[in-house]
Amino acid sequence: MKLPSKVKLVDVGPRDGLQNEKQPVPAEVKIGLVHRLQDAGLKEIEVTSFVSPKWVPQMADAASVMAGIQRKPGVRYSVLTPNMKGFEAAVAFKPDEIVVFGAASEAFSQRNINCSIAESIERFRPVVEAARAQNIYVRGAISCTVGCPYEGEIPPERVELVARLMKDIGVQHIGVADTIGVGTPLKVQRAMEAALKYYDLDDVSGHFHDTYGQALGNTLACLEMGIWQYDTSSAGLGGCPYAKGATGNVATEDVVYLLQGMGIETGIDLDKLIDAGKYISDFLGRKPNSRAATAILNKRAG
């Protein structure tokens, strides 16, 4: 077993974490979160989503957020662009990376975007081509890779199919997401193996939700495979609007605590990271959804 010596974390809190919040979060608060995350040492931040405000009202201020960020050298800022309209709006703000997404579940794809898996990926072809023509890196996310709220368990072959389709349209990196958090270590490893049939180890990442408390176990199982890139969310923000009762992404703080304890380098200052999570949690009027943050904040208060 050879564990990676360093791990890259993409904090998706500002985008994936906040998109389902019912209360509006002003652009300046989102910008404040991005600034605190980069000050804590995060080098990859998923900032916002250029989507129809009708569908995702929380992301209606995408342009203001991108315009307001003071960029830090060495930090990569990514945005979600589900179609050409979104991509064209995003390009003005020079994102370092765009993200496109497809589900490994036919039922989820139909309910979510009213088309089949194959059709959904094909829709991204012009977006991917336009991004690559402008030297913008393209990351793809595969949702529901182990389970779906409508279809139940998802076989690895379906993950393999989406990975192949994403590769075909020119997507450079693939994220394997357990969107509703039902995965357990072996199931997640099988989903990863399926993605690795089409993508190199350096071009695959994990994205785990903690609905059943399995996200850290799933992260460890993937570390044991050599996977060294993960999406996490400060303060455990976020859920899935299409998956009833699905809790947030795994907290960045918890993953950093795990990695530091294993002697794996992240370049992240855990104390500053906890401050960032507390900042956004205070605004939302609740405690951070992170065990490590809660323990350390209690210790500080003591």
# chains A, B, ... in the order shown; residues from 1 in each chain; ligands from 1
$ select_by_dssp --residues "region 3-246 of chain A" --states "strand (DSSP E)" --output "VMD selection string"
chain A and resid 8 to 11 44 to 49 76 to 80 97 to 103 137 to 143 147 to 148 152 to 153 173 to 178 204 to 208 229 to 232
$ write_last_selection --atoms "N, CA and C atoms" --output "CSV table (one decimal), in the first residue's frame"
chain,number,residue,atom,x,y,z
A,8,LYS,N,-4.1,17.1,-3.1
A,8,LYS,CA,-4.7,18.4,-3.6
A,8,LYS,C,-6.2,18.4,-3.2
A,9,LEU,N,-6.6,19.4,-2.5
A,9,LEU,CA,-8.1,19.5,-2.2
A,9,LEU,C,-8.7,20.7,-3.0
A,10,VAL,N,-9.8,20.4,-3.6
A,10,VAL,CA,-10.6,21.5,-4.3
A,10,VAL,C,-11.7,21.9,-3.3
A,11,ASP,N,-11.7,23.1,-2.8
A,11,ASP,CA,-12.8,23.4,-1.9
A,11,ASP,C,-14.0,23.9,-2.8
A,44,GLU,N,-7.0,25.4,-4.9
A,44,GLU,CA,-8.1,25.1,-5.9
A,44,GLU,C,-9.4,25.5,-5.2
A,45,ILE,N,-10.2,26.4,-5.8
A,45,ILE,CA,-11.4,26.8,-5.3
A,45,ILE,C,-12.5,26.8,-6.4
A,46,GLU,N,-13.6,26.1,-6.1
A,46,GLU,CA,-14.7,26.2,-7.1
A,46,GLU,C,-15.6,27.3,-6.6
A,47,VAL,N,-15.6,28.4,-7.4
A,47,VAL,CA,-16.1,29.7,-6.9
A,47,VAL,C,-17.6,29.8,-7.1
A,48,THR,N,-18.1,29.5,-8.3
A,48,THR,CA,-19.5,29.8,-8.6
A,48,THR,C,-20.0,29.0,-9.8
A,49,SER,N,-21.2,29.2,-10.2
A,49,SER,CA,-21.8,28.5,-11.3
A,49,SER,C,-22.5,29.5,-12.2
A,76,ARG,N,-6.0,28.3,-8.3
A,76,ARG,CA,-6.8,28.1,-9.5
A,76,ARG,C,-8.3,28.3,-9.2
A,77,TYR,N,-9.0,29.0,-10.0
A,77,TYR,CA,-10.4,29.3,-9.7
A,77,TYR,C,-11.3,28.7,-10.8
A,78,SER,N,-12.2,27.8,-10.3
A,78,SER,CA,-13.0,27.1,-11.3
A,78,SER,C,-14.5,27.5,-11.2
A,79,VAL,N,-15.2,27.4,-12.3
A,79,VAL,CA,-16.6,27.7,-12.3
A,79,VAL,C,-17.4,26.6,-13.1
A,80,LEU,N,-18.6,26.4,-12.7
A,80,LEU,CA,-19.5,25.4,-13.4
A,80,LEU,C,-20.1,26.1,-14.5
A,97,GLU,N,-10.4,27.1,-14.9
A,97,GLU,CA,-11.0,25.8,-15.2
A,97,GLU,C,-12.5,25.9,-15.2
A,98,ILE,N,-13.1,25.1,-16.1
A,98,ILE,CA,-14.6,25.0,-16.1
A,98,ILE,C,-14.9,23.6,-15.7
A,99,VAL,N,-16.1,23.5,-15.2
A,99,VAL,CA,-16.6,22.1,-14.8
A,99,VAL,C,-17.9,21.8,-15.5
A,100,VAL,N,-17.9,20.6,-16.1
A,100,VAL,CA,-19.2,20.1,-16.7
A,100,VAL,C,-19.6,18.8,-15.9
A,101,PHE,N,-20.8,18.4,-16.0
A,101,PHE,CA,-21.2,17.3,-15.1
A,101,PHE,C,-22.2,16.4,-15.8
A,102,GLY,N,-22.1,15.1,-15.5
A,102,GLY,CA,-23.1,14.1,-16.1
A,102,GLY,C,-23.3,13.1,-15.0
A,103,ALA,N,-24.5,12.5,-15.0
A,103,ALA,CA,-24.8,11.5,-14.0
A,103,ALA,C,-24.6,10.1,-14.5
A,137,TYR,N,-8.8,24.8,-18.7
A,137,TYR,CA,-8.8,23.4,-18.4
A,137,TYR,C,-10.2,22.9,-18.1
A,138,VAL,N,-10.5,21.7,-18.5
A,138,VAL,CA,-11.9,21.2,-18.4
A,138,VAL,C,-11.9,20.0,-17.4
A,139,ARG,N,-12.7,20.2,-16.4
A,139,ARG,CA,-12.9,19.1,-15.4
A,139,ARG,C,-14.3,18.6,-15.6
A,140,GLY,N,-14.5,17.3,-15.5
A,140,GLY,CA,-15.9,16.7,-15.6
A,140,GLY,C,-16.2,16.0,-14.2
A,141,ALA,N,-17.4,16.1,-13.8
A,141,ALA,CA,-17.9,15.4,-12.6
A,141,ALA,C,-18.9,14.4,-13.0
A,142,ILE,N,-18.8,13.2,-12.4
A,142,ILE,CA,-19.8,12.2,-12.6
A,142,ILE,C,-20.6,12.0,-11.3
A,143,SER,N,-21.8,12.4,-11.4
A,143,SER,CA,-22.6,12.3,-10.1
A,143,SER,C,-23.3,10.9,-10.0
A,147,GLY,N,-24.7,5.3,-6.1
A,147,GLY,CA,-26.2,5.2,-5.8
A,147,GLY,C,-26.9,6.4,-6.3
A,148,CYS,N,-28.2,6.1,-6.5
A,148,CYS,CA,-29.1,7.2,-7.1
A,148,CYS,C,-30.4,7.2,-6.3
A,152,GLY,N,-31.5,3.6,-7.1
A,152,GLY,CA,-30.8,2.7,-6.2
A,152,GLY,C,-29.4,2.5,-6.6
A,153,GLU,N,-28.9,1.3,-6.4
A,153,GLU,CA,-27.4,1.1,-6.6
A,153,GLU,C,-27.1,1.2,-8.1
A,173,HIS,N,-10.1,15.9,-16.9
A,173,HIS,CA,-10.0,15.4,-15.6
A,173,HIS,C,-11.4,14.9,-15.2
A,174,ILE,N,-11.5,13.8,-14.4
A,174,ILE,CA,-12.8,13.3,-14.1
A,174,ILE,C,-13.0,13.2,-12.5
A,175,GLY,N,-14.1,13.7,-12.0
A,175,GLY,CA,-14.3,13.5,-10.6
A,175,GLY,C,-15.4,12.5,-10.4
A,176,VAL,N,-15.2,11.6,-9.5
A,176,VAL,CA,-16.1,10.5,-9.2
A,176,VAL,C,-16.9,10.9,-7.9
A,177,ALA,N,-18.2,11.2,-8.1
A,177,ALA,CA,-18.9,11.7,-7.0
A,177,ALA,C,-20.0,10.8,-6.4
A,178,ASP,N,-20.0,10.6,-5.1
A,178,ASP,CA,-21.0,9.9,-4.4
A,178,ASP,C,-22.0,11.0,-3.9
A,204,VAL,N,-7.9,11.8,-12.0
A,204,VAL,CA,-9.1,11.3,-11.3
A,204,VAL,C,-9.2,11.9,-9.9
A,205,SER,N,-10.4,12.3,-9.5
A,205,SER,CA,-10.5,12.8,-8.1
A,205,SER,C,-11.8,12.2,-7.5
A,206,GLY,N,-11.9,12.3,-6.2
A,206,GLY,CA,-13.1,11.8,-5.4
A,206,GLY,C,-13.9,13.0,-4.9
A,207,HIS,N,-15.2,12.7,-4.8
A,207,HIS,CA,-16.1,13.8,-4.3
A,207,HIS,C,-17.2,13.0,-3.5
A,208,PHE,N,-17.0,13.1,-2.2
A,208,PHE,CA,-17.9,12.3,-1.3
A,208,PHE,C,-18.7,13.1,-0.4
A,229,GLN,N,-6.4,13.5,-5.3
A,229,GLN,CA,-7.2,14.7,-5.5
A,229,GLN,C,-8.6,14.5,-5.0
A,230,TYR,N,-9.1,15.5,-4.2
A,230,TYR,CA,-10.5,15.3,-3.7
A,230,TYR,C,-11.2,16.7,-3.6
A,231,ASP,N,-12.5,16.6,-3.8
A,231,ASP,CA,-13.4,17.8,-3.6
A,231,ASP,C,-13.8,17.7,-2.2
A,232,THR,N,-13.8,18.8,-1.5
A,232,THR,CA,-14.3,18.9,-0.1
A,232,THR,C,-14.9,20.3,0.0
$ residues_around --residues "Gly263 (chain A)" --least-positions-apart "5" --cutoff "12 Å" --atoms "only C-alpha atoms" --output "list in words"
Leu3, Pro4, Ser5, Lys6, Val7, Val256, Tyr257 and Leu258 of chain A
$ closest_residue --among "A:Ala221, A:Val75, A:Met59, A:Val171" --to "Gly41 (chain A)" --atoms "only C-alpha atoms"
A:Val75
$ closest_residue --among "A:Gly226, A:Ala90, A:Met192, A:Ala40" --to "Leu270 (chain A)" --atoms "only C-alpha atoms"
A:Ala40
